[in-house]
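Peer 1: Questions regarding the structure given below will be posed in turn.
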Amino acid sequence: MSADNSTSQEIPNPAVDGSELIRFDKVVKRYGSNVVLDELDFSVASGKHVTLIGPSGSGKTTILRLLMTLVKPEQGTIKVGGKYLTHEEKNGKLVPAGEKHVREVRKNIGMVFQQFNLFPNMKVLRNITEAPVSVLGMSKDEAEVRARELLDMVGLGDRCDAYPTQLSGGQQQRVAIARALAMRPQVLLLDEVTSALDPELVAGVLDVLRDIAHTTDITMLCVTHEMNFARDISDQVLMFDSGRVIESGTPEKIFTEPEHERTREFLSAVL
């Protein structure tokens with residue numbers, strides 16, 4: 001089901017001024033001897049929609065996991081909104097950040113995972129209100145008003161009292177999207193959000209995400225193999241291979257006139 005544009009436009013979103021919002025500077029991530037990100041440099045401006053494409057194992061999801069601080073880099077720094085994410089400055093030096101600093105910076109980031117990760121013992125409404133109340137200190141009444149608006153937006157306004165197990169996979173993923181948006185993030189991270197869905201459920205979830213992309217100012221960083229979706233919503237597409245960006249450009253350029261041979265090979269396999 002497509003979302004209702006008029007509803008989504010009523011929900012406040014972060015201000016956008018086009019400034020740099022995310023910055024990776026010489027970031028290295030290893031798992032054992034496997035270098036997943038190799039001195040990665042890249043940035044995302046506020047309000048932009050950037051899609052990461054490339055073969056499995058090229059480092060795309062690791063970027064999202066680093067931004068959520070699910071993993072930490074071995075080298076380099078990450079900034080969000082001008083603030084270091086896993087470091088902080090003390091006495092003129094960069095040191096590993098304390099948990100309070102990390103939480104403060106990370107609260108501006110929301111993520112929708114491949115698996116829905118809903119709380120099975122909580123009804124849909126509480127799945128969405130739990131974090132705004134406990135993390136942001138929002139009143140229960142305010143959180144519920146916003147949750148109902150978001151559920152209307154994703155086409156599930158009538159499922160507030162359902163448990164996750166009573167929903168289809170596509171419906172659960174739409175609840176997960178609403179839950180991420182309930183935190184009013186500056187940045188929305190999307191990690192292969194349709195890969196766990198049956199094919200007939202994919203279109204409904206992608207319709208919701210297209211609506212968010214077209215009617216809000218939220219910055220989006222998306223990992224997907226849905227190339228038509230990437231073409232529809234992206235301002236910029238980055239092609240990854242072996243932990244590095246090997247090509248970057250508009251969807252039109254990347255999908256119709258890629259310059260790098262590795263990009264051409266990848267696209268010919270997935271399109």
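Order determines the names: the first chain of the structure tokens is A, the second B, and so forth; residues in each chain are numbered 1 upward, and ligands are numbered 1 upward as they are shown.
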Residues of range 71-161 of chain A within 12 Å of range 209-228 of chain A: nearest atom pair and distance (Å, one decimal) for each, counting only C-alpha atoms, sorted by chain and number, as a Markdown table?
Peer 2:
| residue | atom | partner | partner_atom | distance |
| --- | --- | --- | --- | --- |
| A:Val80 | CA | A:Thr219 | CA | 11.6 |
| A:Gly81 | CA | A:Thr219 | CA | 11.4 |
| A:Asn108 | CA | A:Ile218 | CA | 10.6 |
| A:Ile109 | CA | A:Thr219 | CA | 9.5 |
| A:Gly110 | CA | A:Met220 | CA | 9.6 |
| A:Met111 | CA | A:Leu221 | CA | 9.4 |
| A:Val112 | CA | A:Cys222 | CA | 9.7 |
| A:Phe113 | CA | A:Val223 | CA | 10.2 |
| A:Gln114 | CA | A:Val223 | CA | 10.1 |
| A:Leu150 | CA | A:Ile212 | CA | 10.8 |
| A:Met153 | CA | A:Asp211 | CA | 9.1 |
| A:Val154 | CA | A:Leu209 | CA | 9.0 |
| A:Gly155 | CA | A:Asp211 | CA | 11.6 |
Peer 1: Output as a ChimeraX atom specification all residues of range 22-184 of chain A that backbone DSSP marks as helix (DSSP H, G or I).
Peer 2: /A:60-67,99-106,124-134,140-153,164-166,169-181
Peer 1: Would you tabulate, counting only C-alpha atoms, all residues of range 204-242 of chain A that have an atom at most 9 Å from an atom of range 162-182 of chain A, showing the closest pair of atoms and their distance in Å to one decimal, sorted by chain then ascending number, as a Markdown table?
Peer 2:
| residue | atom | partner | partner_atom | distance |
| --- | --- | --- | --- | --- |
| A:Gly204 | CA | A:Gly170 | CA | 7.2 |
| A:Val205 | CA | A:Arg174 | CA | 6.3 |
| A:Val208 | CA | A:Arg174 | CA | 7.6 |
| A:Leu209 | CA | A:Ile177 | CA | 8.3 |
Peer 1: Among range 85-205 of chain A, which residues does DSSP mark as strand (DSSP E) when it is run on the backbone? Keep the chain and numbering as in the structure and answer as JSON, numbers by chain.
Peer 2: {"A": [87, 88, 89, 90, 93, 94, 95, 96, 109, 110, 111, 112, 187, 188, 189, 190, 191]}
Peer 1: Please dump the current selection as a PDB file, in the first residue's frame; keep N, CA and C atoms.
Peer 2:
ATOM      1  N   HIS A  87      34.754   8.961  18.878  1.00  0.00           N
ATOM      2  CA  HIS A  87      35.827   9.673  19.571  1.00  0.00           C
ATOM      3  C   HIS A  87      35.255  10.955  20.180  1.00  0.00           C
ATOM      4  N   GLU A  88      36.000  11.537  21.105  1.00  0.00           N
ATOM      5  CA  GLU A  88      35.683  12.876  21.591  1.00  0.00           C
ATOM      6  C   GLU A  88      36.986  13.593  21.922  1.00  0.00           C
ATOM      7  N   GLU A  89      36.908  14.910  21.890  1.00  0.00           N
ATOM      8  CA  GLU A  89      38.104  15.710  22.129  1.00  0.00           C
ATOM      9  C   GLU A  89      38.234  16.033  23.617  1.00  0.00           C
ATOM     10  N   LYS A  90      39.396  15.699  24.170  1.00  0.00           N
ATOM     11  CA  LYS A  90      39.694  16.030  25.566  1.00  0.00           C
ATOM     12  C   LYS A  90      41.114  16.566  25.648  1.00  0.00           C
ATOM     13  N   LYS A  93      43.084  16.520  22.484  1.00  0.00           N
ATOM     14  CA  LYS A  93      43.406  15.241  21.867  1.00  0.00           C
ATOM     15  C   LYS A  93      42.135  14.438  21.608  1.00  0.00           C
ATOM     16  N   LEU A  94      42.174  13.609  20.551  1.00  0.00           N
ATOM     17  CA  LEU A  94      41.067  12.699  20.275  1.00  0.00           C
ATOM     18  C   LEU A  94      41.257  11.428  21.076  1.00  0.00           C
ATOM     19  N   VAL A  95      40.240  11.064  21.846  1.00  0.00           N
ATOM     20  CA  VAL A  95      40.282   9.841  22.637  1.00  0.00           C
ATOM     21  C   VAL A  95      39.000   9.055  22.377  1.00  0.00           C
ATOM     22  N   PRO A  96      39.006   7.748  22.657  1.00  0.00           N
ATOM     23  CA  PRO A  96      37.775   6.969  22.484  1.00  0.00           C
ATOM     24  C   PRO A  96      36.630   7.587  23.289  1.00  0.00           C
ATOM     25  N   ILE A 109      20.400   9.209  14.558  1.00  0.00           N
ATOM     26  CA  ILE A 109      20.453   8.208  13.494  1.00  0.00           C
ATOM     27  C   ILE A 109      19.421   7.119  13.759  1.00  0.00           C
ATOM     28  N   GLY A 110      18.634   6.794  12.737  1.00  0.00           N
ATOM     29  CA  GLY A 110      17.709   5.671  12.824  1.00  0.00           C
ATOM     30  C   GLY A 110      18.081   4.629  11.783  1.00  0.00           C
ATOM     31  N   MET A 111      17.795   3.370  12.074  1.00  0.00           N
ATOM     32  CA  MET A 111      18.150   2.308  11.135  1.00  0.00           C
ATOM     33  C   MET A 111      17.016   1.313  10.996  1.00  0.00           C
ATOM     34  N   VAL A 112      16.799   0.874   9.763  1.00  0.00           N
ATOM     35  CA  VAL A 112      15.859  -0.202   9.470  1.00  0.00           C
ATOM     36  C   VAL A 112      16.692  -1.371   8.951  1.00  0.00           C
ATOM     37  N   VAL A 187      19.210  11.188  10.171  1.00  0.00           N
ATOM     38  CA  VAL A 187      19.697  10.221   9.191  1.00  0.00           C
ATOM     39  C   VAL A 187      18.908   8.926   9.327  1.00  0.00           C
ATOM     40  N   LEU A 188      18.437   8.394   8.206  1.00  0.00           N
ATOM     41  CA  LEU A 188      17.771   7.099   8.196  1.00  0.00           C
ATOM     42  C   LEU A 188      18.641   6.128   7.394  1.00  0.00           C
ATOM     43  N   LEU A 189      19.080   5.059   8.061  1.00  0.00           N
ATOM     44  CA  LEU A 189      19.903   4.033   7.425  1.00  0.00           C
ATOM     45  C   LEU A 189      19.010   2.861   7.027  1.00  0.00           C
ATOM     46  N   LEU A 190      19.149   2.405   5.793  1.00  0.00           N
ATOM     47  CA  LEU A 190      18.320   1.313   5.277  1.00  0.00           C
ATOM     48  C   LEU A 190      19.238   0.191   4.804  1.00  0.00           C
ATOM     49  N   ASP A 191      19.174  -0.958   5.487  1.00  0.00           N
ATOM     50  CA  ASP A 191      20.071  -2.060   5.177  1.00  0.00           C
ATOM     51  C   ASP A 191      19.314  -3.209   4.525  1.00  0.00           C
TER      52      ASP A 191
END
Peer 1: Please determine, counting only C-alpha atoms, which residue among A:His49, A:Lys29, A:Lys79, A:Arg262 has the shortest atom-to-atom distance to Thr61 in chain A.
Peer 2: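 Answer, going by the shortest atom-to-atom distance: A:Lys29.
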Peer 1: If we count only C-alpha atoms and set the cut-off at 10 Å, which residues sit around Thr69 in chain A, ignoring sequence neighbours fewer than 2 positions away in its own chain? Please answer as a list in words.
Peer 2: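 Neighbouring residues, sequence-local ones excluded: Ile63, Leu64, Arg65, Leu66, Leu67, Val71, Lys72, Pro73, Leu85, Thr86, Val102, Arg103 and Arg106 of chain A.
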Peer 1: Would you write out those residues with N, CA and C atoms, as a PDB file, in the first residue's frame?
Peer 2:
ATOM      1  N   ILE A  63      29.419  -0.050   6.809  1.00  0.00           N
ATOM      2  CA  ILE A  63      29.303   1.406   6.967  1.00  0.00           C
ATOM      3  C   ILE A  63      28.103   1.745   7.849  1.00  0.00           C
ATOM      4  N   LEU A  64      26.973   1.098   7.597  1.00  0.00           N
ATOM      5  CA  LEU A  64      25.782   1.356   8.410  1.00  0.00           C
ATOM      6  C   LEU A  64      25.987   0.885   9.838  1.00  0.00           C
ATOM      7  N   ARG A  65      26.637  -0.247  10.009  1.00  0.00           N
ATOM      8  CA  ARG A  65      26.885  -0.781  11.360  1.00  0.00           C
ATOM      9  C   ARG A  65      27.840   0.124  12.138  1.00  0.00           C
ATOM     10  N   LEU A  66      28.792   0.728  11.450  1.00  0.00           N
ATOM     11  CA  LEU A  66      29.684   1.688  12.102  1.00  0.00           C
ATOM     12  C   LEU A  66      28.913   2.919  12.562  1.00  0.00           C
ATOM     13  N   LEU A  67      27.996   3.398  11.728  1.00  0.00           N
ATOM     14  CA  LEU A  67      27.213   4.576  12.096  1.00  0.00           C
ATOM     15  C   LEU A  67      26.290   4.293  13.276  1.00  0.00           C
ATOM     16  N   VAL A  71      29.602  -1.781  15.537  1.00  0.00           N
ATOM     17  CA  VAL A  71      31.021  -2.130  15.465  1.00  0.00           C
ATOM     18  C   VAL A  71      31.801  -0.819  15.488  1.00  0.00           C
ATOM     19  N   LYS A  72      33.088  -0.897  15.774  1.00  0.00           N
ATOM     20  CA  LYS A  72      33.934   0.298  15.826  1.00  0.00           C
ATOM     21  C   LYS A  72      35.086   0.170  14.851  1.00  0.00           C
ATOM     22  N   PRO A  73      35.547   1.292  14.291  1.00  0.00           N
ATOM     23  CA  PRO A  73      36.662   1.227  13.335  1.00  0.00           C
ATOM     24  C   PRO A  73      37.985   0.979  14.047  1.00  0.00           C
ATOM     25  N   LEU A  85      31.825  10.571  16.299  1.00  0.00           N
ATOM     26  CA  LEU A  85      30.895   9.538  16.738  1.00  0.00           C
ATOM     27  C   LEU A  85      31.523   8.608  17.773  1.00  0.00           C
ATOM     28  N   THR A  86      32.674   8.047  17.466  1.00  0.00           N
ATOM     29  CA  THR A  86      33.296   7.081  18.383  1.00  0.00           C
ATOM     30  C   THR A  86      34.511   7.679  19.091  1.00  0.00           C
ATOM     31  N   VAL A 102      28.586   8.847  22.850  1.00  0.00           N
ATOM     32  CA  VAL A 102      28.142   8.030  21.708  1.00  0.00           C
ATOM     33  C   VAL A 102      26.624   8.059  21.597  1.00  0.00           C
ATOM     34  N   ARG A 103      25.930   7.883  22.724  1.00  0.00           N
ATOM     35  CA  ARG A 103      24.454   7.891  22.704  1.00  0.00           C
ATOM     36  C   ARG A 103      23.911   9.221  22.208  1.00  0.00           C
ATOM     37  N   ARG A 106      24.522   9.389  18.441  1.00  0.00           N
ATOM     38  CA  ARG A 106      23.814   8.332  17.717  1.00  0.00           C
ATOM     39  C   ARG A 106      22.298   8.532  17.723  1.00  0.00           C
TER      40      ARG A 106
END
Peer 1: Please identify all polymer residues within 10 Å of Val245 in chain A, counting only C-alpha atoms, omitting same-chain residues fewer than 3 positions from it, and present them as a list in words.
Peer 2: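 Counting only C-alpha atoms, the residues come to Leu37, Asp38, Leu40, Asp41, Phe42, Leu52, Ile53, Gly54, Ser58, Gly59, Lys60, Leu238, Met239, Phe240, Asp241, Ser242 and Ser248 of chain A.
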Peer 1: Extract, using only C-alpha atoms, all DNA, RNA and protein residues at most 12 Å from Val145 in chain A, discarding same-chain residues fewer than 3 positions from it, and format them as a ChimeraX atom specification.
Peer 2: /A:11,125-126,128-129,132,138-142,148-152,157,160,182
Peer 1: For Lys48 in chain A, which residue out of A:Asp235, A:Glu104, A:Glu144, A:Glu252 is the nearest one, using only C-alpha atoms?
Peer 2: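 Distance minimum relative to Lys48 in chain A lands on A:Asp235.
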Peer 1: Go through A:Thr250, A:Thr256, A:Asn121, A:Thr263 one by one, measure the shortest atom-to-atom distance of each to Thr51 in chain A using only C-alpha atoms, and give the residue with the smallest value.
Peer 2: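 Comparing A:Thr250, A:Thr256, A:Asn121, A:Thr263 against Thr51 in chain A, the winner is A:Thr250.
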Peer 1: Go ahead and compute the interatomic distance for CA of Thr62 in chain A and CA of Glu261 in chain A, in Å to one decimal.
Peer 2: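 Separation of CA of Thr62 in chain A and CA of Glu261 in chain A: 23.8 Å.
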